[in-house]
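*Asks:* You'll find coords.pdb just under this line, and it carries PDB, C-alpha atoms.
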ATOM      1  CA  MET I  16     -19.298  22.653  33.416  1.00  0.00           C
ATOM      2  CA  SER I  17     -18.170  20.955  36.574  1.00  0.00           C
ATOM      3  CA  ASN I  18     -20.078  18.178  38.260  1.00  0.00           C
ATOM      4  CA  ILE I  19     -20.929  18.089  41.955  1.00  0.00           C
ATOM      5  CA  TRP I  20     -20.150  15.062  44.103  1.00  0.00           C
ATOM      6  CA  LEU I  21     -20.711  14.170  47.770  1.00  0.00           C
ATOM      7  CA  ILE I  22     -18.906  11.826  50.144  1.00  0.00           C
ATOM      8  CA  SER I  23     -17.963  11.537  53.793  1.00  0.00           C
ATOM      9  CA  ASP I  24     -16.009   9.376  56.192  1.00  0.00           C
ATOM     10  CA  THR I  25     -13.285   8.269  53.816  1.00  0.00           C
ATOM     11  CA  HIS I  26     -11.075   7.682  56.881  1.00  0.00           C
ATOM     12  CA  LEU I  27      -8.054   7.411  54.592  1.00  0.00           C
ATOM     13  CA  ASN I  28      -5.112   5.849  56.430  1.00  0.00           C
ATOM     14  CA  HIS I  29      -7.333   4.582  59.287  1.00  0.00           C
ATOM     15  CA  ASP I  30      -5.447   1.422  60.171  1.00  0.00           C
ATOM     16  CA  LYS I  31      -8.154  -0.291  62.195  1.00  0.00           C
ATOM     17  CA  GLU I  32      -9.830  -3.498  61.059  1.00  0.00           C
ATOM     18  CA  PHE I  33     -13.241  -2.204  62.120  1.00  0.00           C
ATOM     19  CA  VAL I  34     -12.947   0.328  59.278  1.00  0.00           C
ATOM     20  CA  TRP I  35     -11.165  -1.359  56.367  1.00  0.00           C
ATOM     21  CA  LYS I  36     -12.253  -4.946  57.022  1.00  0.00           C
ATOM     22  CA  VAL I  37     -15.937  -4.030  57.345  1.00  0.00           C
ATOM     23  CA  ARG I  38     -15.618  -2.266  53.980  1.00  0.00           C
ATOM     24  CA  GLY I  39     -14.405  -5.544  52.444  1.00  0.00           C
ATOM     25  CA  PHE I  40     -10.678  -4.832  52.220  1.00  0.00           C
ATOM     26  CA  ASN I  41      -7.694  -6.905  53.351  1.00  0.00           C
ATOM     27  CA  SER I  42      -5.641  -3.943  54.588  1.00  0.00           C
ATOM     28  CA  VAL I  43      -5.707  -0.194  55.114  1.00  0.00           C
ATOM     29  CA  TRP I  44      -3.518   0.244  52.018  1.00  0.00           C
ATOM     30  CA  GLU I  45      -5.970  -1.720  49.885  1.00  0.00           C
ATOM     31  CA  MET I  46      -8.779   0.514  51.208  1.00  0.00           C
ATOM     32  CA  ASN I  47      -6.794   3.721  50.581  1.00  0.00           C
ATOM     33  CA  ASN I  48      -5.973   2.696  47.018  1.00  0.00           C
ATOM     34  CA  ALA I  49      -9.551   1.632  46.261  1.00  0.00           C
ATOM     35  CA  ILE I  50     -11.040   4.890  47.586  1.00  0.00           C
ATOM     36  CA  ILE I  51      -8.579   7.003  45.588  1.00  0.00           C
ATOM     37  CA  GLU I  52      -9.131   4.923  42.442  1.00  0.00           C
ATOM     38  CA  ARG I  53     -12.932   4.941  42.729  1.00  0.00           C
ATOM     39  CA  TRP I  54     -12.942   8.686  43.494  1.00  0.00           C
ATOM     40  CA  ASN I  55     -10.720   9.549  40.535  1.00  0.00           C
ATOM     41  CA  GLU I  56     -12.730   7.302  38.171  1.00  0.00           C
ATOM     42  CA  VAL I  57     -15.677   9.689  38.465  1.00  0.00           C
ATOM     43  CA  VAL I  58     -14.380  13.013  39.811  1.00  0.00           C
ATOM     44  CA  LYS I  59     -12.583  15.175  37.260  1.00  0.00           C
ATOM     45  CA  TYR I  60     -10.068  17.938  37.979  1.00  0.00           C
ATOM     46  CA  ASP I  61     -12.614  20.826  37.889  1.00  0.00           C
ATOM     47  CA  ASP I  62     -15.460  18.987  39.638  1.00  0.00           C
ATOM     48  CA  ILE I  63     -16.674  20.085  43.068  1.00  0.00           C
ATOM     49  CA  VAL I  64     -16.698  17.536  45.880  1.00  0.00           C
ATOM     50  CA  TYR I  65     -18.486  18.202  49.147  1.00  0.00           C
ATOM     51  CA  HIS I  66     -16.636  16.001  51.620  1.00  0.00           C
ATOM     52  CA  LEU I  67     -18.731  15.873  54.769  1.00  0.00           C
ATOM     53  CA  GLY I  68     -15.956  15.146  57.197  1.00  0.00           C
ATOM     54  CA  ASP I  69     -13.527  12.595  58.576  1.00  0.00           C
ATOM     55  CA  VAL I  70     -11.129  12.713  55.663  1.00  0.00           C
ATOM     56  CA  ILE I  71      -8.029  11.076  57.151  1.00  0.00           C
ATOM     57  CA  MET I  72      -6.843   9.299  60.272  1.00  0.00           C
ATOM     58  CA  GLY I  73      -3.471   8.216  61.620  1.00  0.00           C
ATOM     59  CA  ASP I  74      -0.188   9.793  60.562  1.00  0.00           C
ATOM     60  CA  LEU I  75      -0.802  13.323  59.270  1.00  0.00           C
ATOM     61  CA  ASP I  76       1.939  13.356  56.600  1.00  0.00           C
ATOM     62  CA  THR I  77       0.781  10.056  55.125  1.00  0.00           C
ATOM     63  CA  GLY I  78      -2.841  11.190  55.176  1.00  0.00           C
ATOM     64  CA  ILE I  79      -1.993  14.456  53.397  1.00  0.00           C
ATOM     65  CA  LYS I  80      -0.131  12.530  50.672  1.00  0.00           C
ATOM     66  CA  LEU I  81      -3.282  10.485  50.105  1.00  0.00           C
ATOM     67  CA  VAL I  82      -5.565  13.552  49.949  1.00  0.00           C
ATOM     68  CA  LYS I  83      -3.248  15.156  47.374  1.00  0.00           C
ATOM     69  CA  GLN I  84      -4.057  12.262  45.030  1.00  0.00           C
ATOM     70  CA  LEU I  85      -7.780  13.077  44.914  1.00  0.00           C
ATOM     71  CA  ASN I  86      -9.253  14.903  41.921  1.00  0.00           C
ATOM     72  CA  GLY I  87     -11.601  17.854  42.208  1.00  0.00           C
ATOM     73  CA  LYS I  88     -12.048  20.939  44.309  1.00  0.00           C
ATOM     74  CA  ILE I  89     -12.954  19.723  47.774  1.00  0.00           C
ATOM     75  CA  ARG I  90     -15.277  21.686  50.022  1.00  0.00           C
ATOM     76  CA  LEU I  91     -14.980  20.225  53.486  1.00  0.00           C
ATOM     77  CA  ALA I  92     -17.667  20.170  56.156  1.00  0.00           C
ATOM     78  CA  ILE I  93     -15.712  19.496  59.344  1.00  0.00           C
ATOM     79  CA  GLY I  94     -16.163  16.067  60.934  1.00  0.00           C
ATOM     80  CA  ASN I  95     -15.423  14.856  64.443  1.00  0.00           C
ATOM     81  CA  HIS I  96     -12.023  13.431  63.400  1.00  0.00           C
ATOM     82  CA  ASP I  97     -10.928  16.548  61.498  1.00  0.00           C
ATOM     83  CA  THR I  98      -8.620  17.881  64.212  1.00  0.00           C
ATOM     84  CA  SER I  99      -7.084  21.356  64.314  1.00  0.00           C
ATOM     85  CA  ALA I 100      -3.771  19.958  63.043  1.00  0.00           C
ATOM     86  CA  ARG I 101      -5.499  18.224  60.145  1.00  0.00           C
ATOM     87  CA  LEU I 102      -7.543  21.323  59.288  1.00  0.00           C
ATOM     88  CA  ASP I 103      -4.383  23.463  59.294  1.00  0.00           C
ATOM     89  CA  ALA I 104      -2.725  20.992  56.902  1.00  0.00           C
ATOM     90  CA  PHE I 105      -5.833  20.874  54.676  1.00  0.00           C
ATOM     91  CA  ARG I 106      -5.807  24.673  54.318  1.00  0.00           C
ATOM     92  CA  ASN I 107      -2.438  24.392  52.547  1.00  0.00           C
ATOM     93  CA  LEU I 108      -3.630  21.876  49.942  1.00  0.00           C
ATOM     94  CA  TYR I 109      -4.397  22.995  46.382  1.00  0.00           C
ATOM     95  CA  ASN I 110      -7.403  20.663  46.114  1.00  0.00           C
ATOM     96  CA  ILE I 111      -9.173  21.722  49.337  1.00  0.00           C
ATOM     97  CA  ASP I 112     -11.186  24.693  48.159  1.00  0.00           C
ATOM     98  CA  ASP I 113     -13.089  25.635  51.325  1.00  0.00           C
ATOM     99  CA  ILE I 114     -13.576  24.474  54.926  1.00  0.00           C
ATOM    100  CA  GLN I 115     -16.794  25.149  56.854  1.00  0.00           C
ATOM    101  CA  PHE I 116     -18.912  23.521  59.542  1.00  0.00           C
ATOM    102  CA  GLY I 117     -21.522  22.898  56.877  1.00  0.00           C
ATOM    103  CA  TYR I 118     -23.140  24.147  53.695  1.00  0.00           C
ATOM    104  CA  ARG I 119     -26.672  25.225  52.814  1.00  0.00           C
ATOM    105  CA  LEU I 120     -27.528  24.600  49.168  1.00  0.00           C
ATOM    106  CA  LYS I 121     -30.752  24.951  47.194  1.00  0.00           C
ATOM    107  CA  ASP I 122     -32.178  22.771  44.460  1.00  0.00           C
ATOM    108  CA  GLY I 123     -35.470  24.218  43.311  1.00  0.00           C
ATOM    109  CA  LYS I 124     -37.698  24.254  46.378  1.00  0.00           C
ATOM    110  CA  LYS I 125     -35.458  21.872  48.276  1.00  0.00           C
ATOM    111  CA  THR I 126     -32.979  23.153  50.833  1.00  0.00           C
ATOM    112  CA  LEU I 127     -30.091  20.803  51.527  1.00  0.00           C
ATOM    113  CA  LEU I 128     -28.009  21.131  54.679  1.00  0.00           C
ATOM    114  CA  LEU I 129     -24.671  19.409  54.152  1.00  0.00           C
ATOM    115  CA  THR I 130     -23.020  18.573  57.469  1.00  0.00           C
ATOM    116  CA  HIS I 131     -21.020  15.756  59.002  1.00  0.00           C
ATOM    117  CA  TYR I 132     -23.686  14.831  61.524  1.00  0.00           C
ATOM    118  CA  PRO I 133     -27.275  13.912  60.615  1.00  0.00           C
ATOM    119  CA  LEU I 134     -29.652  16.716  61.558  1.00  0.00           C
ATOM    120  CA  LEU I 135     -33.325  16.789  62.318  1.00  0.00           C
ATOM    121  CA  SER I 136     -34.015  19.783  60.124  1.00  0.00           C
ATOM    122  CA  GLY I 137     -36.952  22.099  59.717  1.00  0.00           C
ATOM    123  CA  ASN I 138     -38.410  23.921  56.788  1.00  0.00           C
ATOM    124  CA  PHE I 139     -37.232  27.237  55.368  1.00  0.00           C
ATOM    125  CA  ASP I 140     -39.264  29.378  52.968  1.00  0.00           C
ATOM    126  CA  ASN I 141     -42.067  26.760  52.800  1.00  0.00           C
ATOM    127  CA  SER I 142     -39.611  24.324  51.222  1.00  0.00           C
ATOM    128  CA  LYS I 143     -38.427  20.915  52.231  1.00  0.00           C
ATOM    129  CA  THR I 144     -35.133  20.819  54.091  1.00  0.00           C
ATOM    130  CA  TYR I 145     -32.985  17.720  53.791  1.00  0.00           C
ATOM    131  CA  SER I 146     -30.069  16.706  55.986  1.00  0.00           C
ATOM    132  CA  ILE I 147     -27.268  15.401  53.788  1.00  0.00           C
ATOM    133  CA  HIS I 148     -24.748  13.805  56.121  1.00  0.00           C
ATOM    134  CA  GLY I 149     -22.178  11.175  56.995  1.00  0.00           C
ATOM    135  CA  HIS I 150     -20.871  10.081  60.400  1.00  0.00           C
ATOM    136  CA  THR I 151     -23.095   7.039  60.966  1.00  0.00           C
ATOM    137  CA  HIS I 152     -21.107   4.528  58.855  1.00  0.00           C
ATOM    138  CA  SER I 153     -24.456   2.953  57.986  1.00  0.00           C
ATOM    139  CA  LYS I 154     -24.472   0.831  54.855  1.00  0.00           C
ATOM    140  CA  SER I 155     -27.754   2.432  53.804  1.00  0.00           C
ATOM    141  CA  PRO I 156     -28.145   5.915  52.346  1.00  0.00           C
ATOM    142  CA  PHE I 157     -31.443   6.215  54.262  1.00  0.00           C
ATOM    143  CA  CYS I 158     -32.507   6.029  57.876  1.00  0.00           C
ATOM    144  CA  ASP I 159     -35.879   6.203  59.602  1.00  0.00           C
ATOM    145  CA  TYR I 160     -36.269   9.877  58.725  1.00  0.00           C
ATOM    146  CA  ASP I 161     -37.342  10.677  55.164  1.00  0.00           C
ATOM    147  CA  MET I 162     -35.510  13.991  55.151  1.00  0.00           C
ATOM    148  CA  MET I 163     -32.014  12.526  55.691  1.00  0.00           C
ATOM    149  CA  TYR I 164     -29.570  11.137  53.147  1.00  0.00           C
ATOM    150  CA  ASN I 165     -26.279   9.475  54.085  1.00  0.00           C
ATOM    151  CA  VAL I 166     -23.295  10.026  51.740  1.00  0.00           C
ATOM    152  CA  ASN I 167     -20.652   8.152  53.740  1.00  0.00           C
ATOM    153  CA  CYS I 168     -18.231   5.777  52.071  1.00  0.00           C
ATOM    154  CA  ASP I 169     -19.833   2.737  53.658  1.00  0.00           C
ATOM    155  CA  ALA I 170     -23.222   3.394  52.034  1.00  0.00           C
ATOM    156  CA  HIS I 171     -21.851   3.943  48.519  1.00  0.00           C
ATOM    157  CA  ASP I 172     -19.142   1.334  47.903  1.00  0.00           C
ATOM    158  CA  CYS I 173     -16.416   3.846  48.869  1.00  0.00           C
ATOM    159  CA  ARG I 174     -17.367   6.141  45.966  1.00  0.00           C
ATOM    160  CA  PRO I 175     -18.510   9.749  45.789  1.00  0.00           C
ATOM    161  CA  VAL I 176     -22.210  10.179  44.987  1.00  0.00           C
ATOM    162  CA  ALA I 177     -23.202  12.401  42.069  1.00  0.00           C
ATOM    163  CA  TRP I 178     -25.501  15.300  43.014  1.00  0.00           C
ATOM    164  CA  GLU I 179     -28.122  14.162  40.490  1.00  0.00           C
ATOM    165  CA  ASP I 180     -28.010  10.572  41.764  1.00  0.00           C
ATOM    166  CA  MET I 181     -28.526  11.779  45.343  1.00  0.00           C
ATOM    167  CA  LEU I 182     -31.583  13.806  44.289  1.00  0.00           C
ATOM    168  CA  ALA I 183     -32.952  10.841  42.306  1.00  0.00           C
ATOM    169  CA  ASP I 184     -32.443   8.521  45.320  1.00  0.00           C
ATOM    170  CA  ILE I 185     -34.304  10.972  47.562  1.00  0.00           C
ATOM    171  CA  ALA I 186     -37.199  11.244  45.090  1.00  0.00           C
ATOM    172  CA  LYS I 187     -37.376   7.473  44.603  1.00  0.00           C
ATOM    173  CA  ASN I 188     -37.328   6.854  48.361  1.00  0.00           C
ATOM    174  CA  LYS I 189     -40.062   9.429  48.889  1.00  0.00           C
ATOM    175  CA  ASN I 190     -42.244   7.891  46.163  1.00  0.00           C
ATOM    176  CA  THR I 191     -41.664   4.364  47.530  1.00  0.00           C
ATOM    177  CA  LYS I 192     -42.674   5.386  51.054  1.00  0.00           C
ATOM    178  CA  GLN I 193     -45.756   7.255  49.777  1.00  0.00           C
ATOM    179  CA  GLY I 194     -46.798   4.120  47.873  1.00  0.00           C
ATOM    180  CA  GLN I 195     -46.587   2.070  51.069  1.00  0.00           C
ATOM    181  CA  LYS I 196     -49.079   4.288  52.925  1.00  0.00           C
TER     182      LYS I 196
END
The structure given in the file should be rewritten as structure tokens.
*Replies:*
Amino acid sequence: MSNIWLISDTHLNHDKEFVWKVRGFNSVWEMNNAIIERWNEVVKYDDIVYHLGDVIMGDLDTGIKLVKQLNGKIRLAIGNHDTSARLDAFRNLYNIDDIQFGYRLKDGKKTLLLTHYPLLSGNFDNSKTYSIHGHTHSKSPFCDYDMMYNVNCDAHDCRPVAWEDMLADIAKNKNTKQGQK
């Protein structure tokens, strides 16, 4: 059985200090190598990874070479830096399984909307709807809204988040906030 992972905003090959330096690296190449290593430590060949956008930056050929090194079957929710040229190149990669603007998944009574941008979401079918997102580059998986969870690299030590860990974080956060009332 394959595992499910989530991540966003890898920004592989983004040679700007405000990306790699803030993440604690000395260079873009150190960041690239760390992200690939940390990804491949946990993601196996048949695992599913929902990448919620902004995969690569900079030179397209170099970025594609980096993406080819990532394990798993990647389902991409398009981010603001995923240009038409990048999307066309991604469609030709063996490890990019699907490209959409977002995904709607269910876990019991929970509905999870996986998109690049955080969404203020409503309820469907009397269930709770959570916005699983990236884009913000916040170092926290949570924001002021209980129904949002941030899977970007910056919030998770440049590692993909396991589906089960995300659900456990959401439950723990909910219980903590209820205890504070």
*Asks:* Choose the residue, out of I:Glu32, I:Asp24, I:Glu45, I:Asp122, that has the smallest atom-to-atom separation from Gly68 (chain I); count all atoms listed in the file.
*Replies:*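 Closest residue, counting all atoms listed in the file: I:Asp24.
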*Asks:* Would you list the contacts of region 64-66 of chain I as a PyMOL selection string, taking every protein, DNA or RNA residue within 12 Å and counting only C-alpha atoms, but skipping same-chain residues closer than 4 positions in sequence?
*Replies:* chain I and resi 17-26+54-55+57-60+70-71+82+85-94+97+110-120+128-131+147-150+165-168+174-178
*Asks:* I'd like to see the residues matched by the PyMOL selection byres ((chain I and resi 79) around 12) on this file, and ideally I'd get them as a PyMOL selection string.
*Replies:* chain I and resi 26-28+70-78+80-85+100-111
*Asks:* Just so the selection is clear, what residues does the PyMOL selection byres ((chain I and resi 163) around 6) cover here, as a list in words?
*Replies:*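 Listing what the PyMOL selection byres ((chain I and resi 163) around 6) selects in the shown file: Tyr145, Ser146, Ile147, Tyr160, Asp161, Met162 and Tyr164 of chain I.
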*Asks:* Measure the distance from CA of Asn41 (chain I) to CA of Asn95 (chain I) in Å and round it to one decimal.
*Replies:*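 Computed distance, CA of Asn41 (chain I) to CA of Asn95 (chain I), equals 25.6 Å.
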*Asks:* Considering only C-alpha atoms, return as a list in words whatever protein or nucleic-acid residues lie within 12 Å of Phe40 (chain I), sequence-local ones (same chain, fewer than 6 positions apart) excluded.
*Replies:*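 Residues near the query, excluding close chain neighbours: Asp30, Lys31, Glu32, Phe33, Val34, Met46, Asn47, Asn48, Ala49, Ile50, Asp169, Asp172 and Cys173 of chain I.
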*Asks:* Using all atoms listed in the file, which of I:Cys158, I:His96, I:Leu182, I:Lys187 sits nearest Thr126 (chain I)?
*Replies:*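 With all atoms listed in the file as the atom set, the closest residue is I:Leu182.
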*Asks:* Just give me the gap between CA of His171 (chain I) and CA of His152 (chain I) in Å, one decimal is fine.
*Replies:*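 Result for CA of His171 (chain I) versus CA of His152 (chain I): 10.4 Å, one decimal.
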*Asks:* Rebuild region 154-165 of chain I to all heavy atoms - output it as a tab-separated table (two decimals), in the frame of the given file, please.
*Replies:*
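New file result36.tsv:
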chain	number	residue	atom	x	y	z
I	154	LYS	N	-24.61	1.32	56.23
I	154	LYS	CA	-24.47	0.83	54.86
I	154	LYS	C	-25.65	1.25	53.98
I	154	LYS	O	-25.68	0.94	52.80
I	154	LYS	CB	-24.30	-0.68	54.85
I	154	LYS	CG	-22.99	-1.12	55.47
I	154	LYS	CD	-22.54	-2.44	54.94
I	154	LYS	CE	-21.21	-2.83	55.49
I	154	LYS	NZ	-20.09	-2.32	54.73
I	155	SER	N	-26.59	1.95	54.55
I	155	SER	CA	-27.75	2.43	53.80
I	155	SER	C	-27.69	3.95	53.65
I	155	SER	O	-27.30	4.65	54.59
I	155	SER	CB	-29.05	2.07	54.54
I	155	SER	OG	-30.15	2.68	53.90
I	156	PRO	N	-28.09	4.46	52.49
I	156	PRO	CA	-28.14	5.92	52.35
I	156	PRO	C	-29.33	6.53	53.10
I	156	PRO	O	-29.39	7.74	53.26
I	156	PRO	CB	-28.28	6.14	50.84
I	156	PRO	CG	-28.73	4.85	50.28
I	156	PRO	CD	-28.35	3.77	51.24
I	157	PHE	N	-30.25	5.70	53.59
I	157	PHE	CA	-31.44	6.22	54.26
I	157	PHE	C	-31.52	5.71	55.69
I	157	PHE	O	-30.99	4.66	56.03
I	157	PHE	CB	-32.71	5.80	53.51
I	157	PHE	CG	-32.78	6.36	52.13
I	157	PHE	CD1	-32.48	5.58	51.04
I	157	PHE	CD2	-33.11	7.69	51.93
I	157	PHE	CE1	-32.51	6.11	49.76
I	157	PHE	CE2	-33.14	8.23	50.65
I	157	PHE	CZ	-32.84	7.44	49.57
I	158	CYS	N	-32.22	6.46	56.51
I	158	CYS	CA	-32.51	6.03	57.88
I	158	CYS	C	-34.02	6.12	58.08
I	158	CYS	O	-34.77	6.18	57.12
I	158	CYS	CB	-31.74	6.87	58.89
I	158	CYS	SG	-32.29	8.59	58.99
I	159	ASP	N	-34.44	6.16	59.31
I	159	ASP	CA	-35.88	6.20	59.60
I	159	ASP	C	-36.53	7.53	59.25
I	159	ASP	O	-37.74	7.63	59.21
I	159	ASP	CB	-36.12	5.90	61.09
I	159	ASP	CG	-35.75	4.47	61.43
I	159	ASP	OD1	-35.72	3.63	60.52
I	159	ASP	OD2	-35.46	4.21	62.61
I	160	TYR	N	-35.74	8.55	59.02
I	160	TYR	CA	-36.27	9.88	58.72
I	160	TYR	C	-36.16	10.16	57.23
I	160	TYR	O	-35.08	10.10	56.65
I	160	TYR	CB	-35.51	10.94	59.52
I	160	TYR	CG	-35.65	10.75	61.02
I	160	TYR	CD1	-34.65	10.12	61.74
I	160	TYR	CD2	-36.80	11.17	61.68
I	160	TYR	CE1	-34.78	9.93	63.11
I	160	TYR	CE2	-36.93	10.98	63.04
I	160	TYR	CZ	-35.92	10.35	63.75
I	160	TYR	OH	-36.06	10.15	65.09
I	161	ASP	N	-37.29	10.46	56.61
I	161	ASP	CA	-37.34	10.68	55.16
I	161	ASP	C	-36.46	11.83	54.69
I	161	ASP	O	-36.04	11.85	53.55
I	161	ASP	CB	-38.78	10.99	54.72
I	161	ASP	CG	-39.69	9.79	54.91
I	161	ASP	OD1	-39.20	8.67	55.07
I	161	ASP	OD2	-40.92	10.00	54.89
I	162	MET	N	-36.20	12.77	55.56
I	162	MET	CA	-35.51	13.99	55.15
I	162	MET	C	-34.01	13.92	55.38
I	162	MET	O	-33.33	14.94	55.45
I	162	MET	CB	-36.09	15.19	55.91
I	162	MET	CG	-37.61	15.32	55.78
I	162	MET	SD	-38.16	15.51	54.08
I	162	MET	CE	-37.77	17.21	53.83
I	163	MET	N	-33.45	12.70	55.50
I	163	MET	CA	-32.01	12.53	55.69
I	163	MET	C	-31.45	11.62	54.61
I	163	MET	O	-32.09	10.64	54.21
I	163	MET	CB	-31.72	11.91	57.05
I	163	MET	CG	-32.04	12.79	58.21
I	163	MET	SD	-31.61	11.92	59.73
I	163	MET	CE	-31.98	13.19	60.92
I	164	TYR	N	-30.25	11.96	54.15
I	164	TYR	CA	-29.57	11.14	53.15
I	164	TYR	C	-28.10	11.02	53.54
I	164	TYR	O	-27.43	12.03	53.76
I	164	TYR	CB	-29.71	11.76	51.75
I	164	TYR	CG	-29.18	10.88	50.66
I	164	TYR	CD1	-29.94	9.83	50.15
I	164	TYR	CD2	-27.91	11.09	50.14
I	164	TYR	CE1	-29.45	9.01	49.14
I	164	TYR	CE2	-27.42	10.28	49.11
I	164	TYR	CZ	-28.19	9.24	48.62
I	164	TYR	OH	-27.71	8.44	47.62
I	165	ASN	N	-27.61	9.80	53.61
I	165	ASN	CA	-26.28	9.48	54.08
I	165	ASN	C	-25.32	9.30	52.90
I	165	ASN	O	-25.54	8.44	52.05
I	165	ASN	CB	-26.39	8.18	54.89
I	165	ASN	CG	-25.08	7.65	55.38
I	165	ASN	OD1	-24.07	8.33	55.35
I	165	ASN	ND2	-25.11	6.42	55.86
